[in-house]
Amino acid sequence: MNKIQSASDLYQWREQIRSRQNLEDGVVYVCGGTGCQALGCQKVKEAFEKELAKLKRGRKIVLKSTGCPGLCEKGPLVTLHPQDLFYQKVKPEDVPRIVAETILQGKVIEDLLLEDPADRRKILSSREVPFYRPQMRLLLGNNEFIDPTRIGDYVAMGGYQALAETLLRMKPEEVISEIKASGLRGRGGAGYPTGQKWENCRRAAGEPKYIVCNCDEGDPGAFMDRSLLEGNPHSILEGMLIGAYAIGASRGFIYVRHEYPLALQHAEIAISQAREAGLLGKNILGTGLEFDVETAQGGGAFVCGESTALIASIEGRTGEPWSKQIHTVAQGLWGKPTNINNVETWANVPLILQKGSQWFSTLGTDGSKGTKIFSLVGKVKNTGLVEVPMGTTLREIIYDIGGGPQDGKRIKAVQTGGPSGGCIPASLFHLPVDYESLSQAGSMMGSGGMIVMDEGTCMVDVAKYFVHFLEEESCGKCLPCREGLRRMGQILDGISEGKGDSETLPLLEELAAVVADASLCGLGKTAPNPVLSALRYFREEFEEHLVHQRCPAGVCHSLVRYSISPEACTGCGACQKICPAGAIKGEKEEPHHIEAELCTKCGSCMEVCPTRAVLVC
Amino acid sequence: MDIRTVDGIVEKYQGKRTALISMLHDIQNQYHHLPEKALRRVALRLKMDFTDIYGVATFYKSFSLTPKGKHSLTLCLGTACHVRGGPKILREVKKLTGIGPGQTTPDRQFSLEVVNCLGVCAIGPVVVMDGKIHGEMTVGKVRRMIGKLKAKESGGRA
Amino acid sequence: MKRKTINLTVDDKPIEAEEGTTILLAARQYGIHIPTICYLEGLSPYGGCRICVVEIGGGNGKNSLDTSCTRQVQEGMIVQTQSPRVVRARKMIAELLVASAPNVKVAQDIAARMGLMKVRFPMDDNRCILCGLCIRMCYEQMDGKALGFAGRGTGRWVTMPFQKRPESCRLCRGCEYVCPGTIVPCQGIKVPGELCGRCRPVEEYRCCPNSTFGCFCEENPL
């Protein structure tokens with residue numbers, strides 16, 4: 001195709017695509033995100049290809065593989081237009097029926113519809129999905145309808161228009177003012193005002209300037225950036241282009257962690273298509289702007305999400321952070337001014353330039369503007385990506401959108417901010433989600449991971465989990481982090497085995513304070529947060545382990561015992577069959593029992609028991 | 001090990017240092033580990049100190065300097081998978097294979113890795129077997145999965 | 001070229017330093033001594049052991065700790081080298097170090113200096129404290145580039161690539177010279193006129209294949 005050489009070229013191209021789209025006959029959108037891929041969407045897509053090919057001429061139903069809209073648990077997901085139907089858990093065998101009944105006859109297939117967990121009503125349209133309805137899906141909403149490997153889809157829905165308007169009508173300093181006025185803050189976790197960062201970078205001396213998109217997303221439990229980069233890579237490119245113009249940067253990098261191969265692939269396809277179209281390279285849109293982007297891959301290191309470690313990684317070195325006495329905006333990649341922003345931050349930029357900072361600043365709270373995407377996972381009914389305005393309360397997210405607890409258990413806490421954050425107990429679920437409220441409660445917003453925990457989650461185990469995670473991921477350069485975390489891990493291992501005394505918790509707290517104070521980088525400095533917040537709100541669980549050698553949640557391996565409730569047991573024998581250690585004894589139709597000396601606590605019996613008679617305590 | 005293959009990989013990325021990690025991933029995909037000779041060649045072509053390349057190869061957890069097993073088992077131990085019972089699955093896998101994370105069975109059949117989040121938390125706990133993601137894992141399912149593989153590999157021998 | 005003079009306050013005393021000087025060196029010029037382990041004059045500062053941390057800031061809850069060996073002086077900076085936070089950090093670092101490497105001389109020195117009497121962690125017997133001095137000596141002073149860090153986190157260790165001495169190693173023994181672990185307490189005179197021999201290189205260095213620092217033996221020729 002011919003390169004776009006001016007804004008009017010872009011508008012013409014958009015009109016061309018729209019006129020050629022031919023979507024009137026209908027569209028089948030099949031989600032192609034990593035989650036749905038794991039659940040077999042590829043076979044579903046192939047089944048559709050086969051069935052749609054059989055249709056009569058004159059019927060040109062378009063089949064699109066789209067980006068991830070975040071409801072991975074119900075995948076594979078299929079949306080039908082113009083029927084405006086949302087089918088979930090679609091199997092390849094369902095496809096012929098979908099084509100024959102829904103597409104050709106307009107009939108709804110009830111058992112493929114999502115069910116409202118509250119009133120068991122069947123949901124027809126994706127807009128009515130209870131998980132989606134209270135959300136404000138400004139960033140994620142488009143994922144459902146565009147094919148991330150086709151730049152045309154993005155352009156057809158108005159993509160790159162914000163870039164064109166910005167380049168034509170605004171000076172770089174004006175762009176920075178807009179971003180500052182919008183109140184956008186970094187979505188990677190620290191929440192630094194984005195406009196200020198851009199300004200600092202613009203003012204720094206040094207050429208060339210670089211901008212980086214951080215898609216390392218190491219927080220376990222978070223997958224917002226994956227969905228954004230996988231599902232709508234051009235929105236990130238557009239954001240980076242606007243940023244490059246404002247800052248005066250000529251080169252950019254998108255750093256994608258190794259565990260996201262699809263996001264990397266889609267980013268590379270998007271870059272090459274943008275280059276082909278003349279939207280990357282020299283003289284972009286005829287304005288003289290020169291900017292190009294490359295991808296860089298990670299090697300499996302959480303620490304590389306930290307800005308100095310990320311820079312080291314791109315430069316081909318080990319991801320060892322260094323002191324930030326001079327910030328990366330002044331001296332970053334190869335000593336030059338480098339502006340690093342998170343994927344979600346970049347995705348917000350075209351939105352702000354298109355609709356204006358005034359509009360953006362009406363969303364959210366005074367200190368935290370705009371929407372935020374959270375990955376709501378763990379022990380909650382509806383898991384997936386949630387996009388809401390800042391200031392929405394935890395209760396609304398966990399109960400109204402998330403549907404509340406699974407299995408009738410009580411929700412105990414929610415963990416936010418990943419390994420740098422902390423647990424917020426249920427008593428504080430009235431708190432609004434914004435940068436300040438969560439920090440004051442002892443946690444932080446972080447990148448947006450929200451892990452719901454119920455009474456079956458042991459807080460000692462959670463603290464232990466995070467410390468071991470960070471111990472593994474520490475780069476090892478500085479002593480407090482490397483040795484301090486190791487010793488904290490040993491102490492927590494001991495507590496989970498019921499070992500320790502009255503000095504154990506004070507020692508743990510003292511260690512935690514020094515690790516936070518003396519570590520070199522953000523990883524070490526925030527490492528104690530999960531432990532300290534667990535101690536702050538759930539100290540009694542720690543004491544129960546230490547003093548009574550008991551794990552109230554029934555998790556800590558050496559402290560629990562598996563037993564069968566004689567009242568609930570029907571004697572079906574399923575547990576006896578599956579027990580690998582032969583530890584379950586009992587006659588048919590008689591209550592069974594577990595012999596503690598033989599039991600290896602593997603948990604298989606609990607998985608197969610139809611009456612939930614297996615107890616752990 | 002063919003030097004030309006390594007050279008080809010270096011040239012695919014135009015010999016850029018920023019692509020060092022990508023080059024190492026490609027080499028690992030080719031040889032199931034990072035052979036010493038391949039790393040020396042990369043150091044030479046990229047004009048980097050071999051000590052630095054060795055540092056990078058041992059720093060990032062994706063890489064292995066020793067050959068991996070025929071079947072790769074990767075368990076996700078992200079927080080969401082953890083609260084949904086990930087550790088129980090890991091314990092079962094360790095029992096069934098006799099190895100721990102980062103190790104390979106003596107008969108070179110299985111390699112076990114633990115990863116810190118694959119980004120598909122909604123379907124956890126997650127196990128990746130030979131590149132295929134399996135969600136909603138249970139102790140029973142993983143026992144059957146590994147049992148099947150073992151039976152296949154031993155050719156029906158009990 | 002005239003360098004700017006920076007005015008700052010260390011331990012409530014106003015001092016002057018040239019722009020580009022680190023807090024550590026600026027303080028030393030005034031006789032204020034800050035302990036160090038991984039710092040050696042002539043090699044680039046590393047900031048890894050963190051024992052030289054000082055408290056920076058004017059108060060109101062915004063103070064932070066940073067290593068004085070890497071932090072450059074700034075106009076109006078307020079530095080405390082013995083504040084309660086600093087002392088607490090140094091004591092814990094000393095305790096962690098001794099618990100990990102009790103037979104390394106510098107760990108014993110720091111522990112003694114900090115008045116450490118108890119170690120509350122199970123003890124190991126590491127001989128390398130991962131200070132990185134040998135690596136920086138090899139890279140920066142001797143141009144050997146033979147030693148480096150391998151692995152990550154608690155599994156980090158110092159080694160030559162694939163545990164083979166590369167051609168660039170000229171057996172200069174600079175690594176051994178700077179290692180703070182090589183000096184072992186003298187056990188006095190064993191046989192009249194003869195030293196105990198403990199100040200000679202110790203066994204069990206992991207960085208060299210023959211487990212001897214900079215060995216000259218015929219078993220490991222170039």
# chains A, B, ... in the order shown; residues from 1 in each chain; ligands from 1

call {"tool": "residues_around", "arguments": {"residues": "region 214-227 of chain A", "least_positions_apart": "3", "cutoff": "6 Å", "atoms": "only C-alpha atoms", "output": "list in words"}}
result
Cys68, Glu230, Gly231, Tyr255, Val256, Arg257, Phe302, Gly305, Asn341, Asn342, Val343, Ser375, Gly418 and Gly449 of chain A; Gly78, Thr79, Ala80, Asn116, Cys117, Gly119 and Cys121 of chain B

call {"tool": "residues_around", "arguments": {"residues": "Val127 (chain B)", "least_positions_apart": "2", "cutoff": "9 Å", "atoms": "only C-alpha atoms", "output": "PyMOL selection string"}}
result
chain B and resi 73-76+89+124-125+129+132-137+142

call {"tool": "select_by_dssp", "arguments": {"residues": "region 259-457 of chain A", "states": "strand (DSSP E or B)", "output": "PyMOL selection string"}}
result
chain A and resi 281-284+289-297+338-342+364+369+371-378+380+384-389+393+405+411-416+422-425+432+449-454

call {"tool": "interface_residues", "arguments": {"of": "chain C", "to": "chain B", "cutoff": "9 Å", "atoms": "only C-alpha atoms", "output": "PyMOL selection string"}}
result
chain C and resi 145-153+156+159-162+166

call {"tool": "closest_residue", "arguments": {"among": "C:Val104, C:Cys179, C:Met92, C:Gly144", "to": "Arg165 (chain C)", "atoms": "only C-alpha atoms"}}
result
C:Gly144

call {"tool": "residues_around", "arguments": {"residues": "region 236-241 of chain A", "least_positions_apart": "5", "cutoff": "6 Å", "atoms": "only C-alpha atoms", "output": "list in words"}}
result
Trp346, Ala347, Val349 and Pro350 of chain A

call {"tool": "write_last_selection", "arguments": {"atoms": "N, CA and C atoms", "output": "mmCIF file, in the first residue's frame"}}
result
data_model
loop_
_atom_site.group_PDB
_atom_site.id
_atom_site.type_symbol
_atom_site.label_atom_id
_atom_site.label_comp_id
_atom_site.auth_asym_id
_atom_site.auth_seq_id
_atom_site.Cartn_x
_atom_site.Cartn_y
_atom_site.Cartn_z
ATOM 1 N N TRP A 346 0.543 4.410 28.223
ATOM 2 C CA TRP A 346 0.607 4.769 26.802
ATOM 3 C C TRP A 346 -0.773 4.662 26.149
ATOM 4 N N ALA A 347 -1.549 3.637 26.535
ATOM 5 C CA ALA A 347 -2.862 3.432 25.910
ATOM 6 C C ALA A 347 -3.818 4.570 26.215
ATOM 7 N N VAL A 349 -2.974 7.719 26.386
ATOM 8 C CA VAL A 349 -2.570 8.968 25.728
ATOM 9 C C VAL A 349 -3.443 9.353 24.526
ATOM 10 N N PRO A 350 -3.674 8.444 23.550
ATOM 11 C CA PRO A 350 -4.509 8.863 22.413
ATOM 12 C C PRO A 350 -5.914 9.273 22.861
#

call {"tool": "select_by_dssp", "arguments": {"residues": "region 398-442 of chain A", "states": "alpha helix (DSSP H)", "output": "list in words"}}
result
Tyr435, Glu436, Ser437, Leu438, Ser439 and Gln440 of chain A

call {"tool": "write_last_selection", "arguments": {"atoms": "C-alpha atoms", "output": "PDB file, in the first residue's frame"}}
result
ATOM      1  CA  TYR A 435      -3.267   5.804  44.656  1.00  0.00           C
ATOM      2  CA  GLU A 436      -3.473   7.483  48.063  1.00  0.00           C
ATOM      3  CA  SER A 437      -6.177   5.421  49.807  1.00  0.00           C
ATOM      4  CA  LEU A 438      -4.484   2.119  49.119  1.00  0.00           C
ATOM      5  CA  SER A 439      -1.062   3.400  50.246  1.00  0.00           C
ATOM      6  CA  GLN A 440      -2.516   4.694  53.474  1.00  0.00           C
TER       7      GLN A 440
END

call {"tool": "interface_residues", "arguments": {"of": "chain C", "to": "chain A", "cutoff": "10 Å", "atoms": "only C-alpha atoms", "output": "MDAnalysis selection string"}}
result
chainID C and resid 46:55 64:67 70:72 85:86 88:94 96:97 99:100 120:122 129:132 149:157

call {"tool": "closest_residue", "arguments": {"among": "B:Arg45, B:Arg4, B:Lys12, B:Arg143", "to": "chain A", "atoms": "only C-alpha atoms"}}
result
B:Arg143

call {"tool": "closest_residue", "arguments": {"among": "A:Lys50, A:His266, A:Arg317, A:Arg251", "to": "chain B", "atoms": "only C-alpha atoms"}}
result
A:Arg317

call {"tool": "closest_residue", "arguments": {"among": "A:Gln21, A:Gln196, A:Asn142, A:Thr600", "to": "chain B", "atoms": "only C-alpha atoms"}}
result
A:Thr600

call {"tool": "residues_around", "arguments": {"residues": "Thr138 (chain B)", "least_positions_apart": "4", "cutoff": "12 Å", "atoms": "only C-alpha atoms", "output": "number ranges by chain"}}
result
A: 602-608; B: 81, 84-93, 123-127, 134, 142-145

call {"tool": "atom_distance", "arguments": {"atom1": "CA of Leu229 (chain A)", "atom2": "CA of Pro261 (chain A)"}}
result
11.0 Å

call {"tool": "closest_residue", "arguments": {"among": "A:Ile578, A:Ala47, A:Val99, A:Leu523", "to": "chain B", "atoms": "only C-alpha atoms"}}
result
A:Ile578

call {"tool": "residues_around", "arguments": {"residues": "Met77 (chain C)", "least_positions_apart": "5", "cutoff": "7 Å", "atoms": "only C-alpha atoms", "output": "list in words"}}
result
Leu8, Thr9 and Gly57 of chain C

call {"tool": "write_last_selection", "arguments": {"atoms": "C-alpha atoms", "output": "PDB file, in the first residue's frame"}}
result
ATOM      1  CA  LEU C   8      26.293  20.608  52.642  1.00  0.00           C
ATOM      2  CA  THR C   9      25.739  19.543  56.235  1.00  0.00           C
ATOM      3  CA  GLY C  57      17.075  14.704  53.954  1.00  0.00           C
TER       4      GLY C  57
END
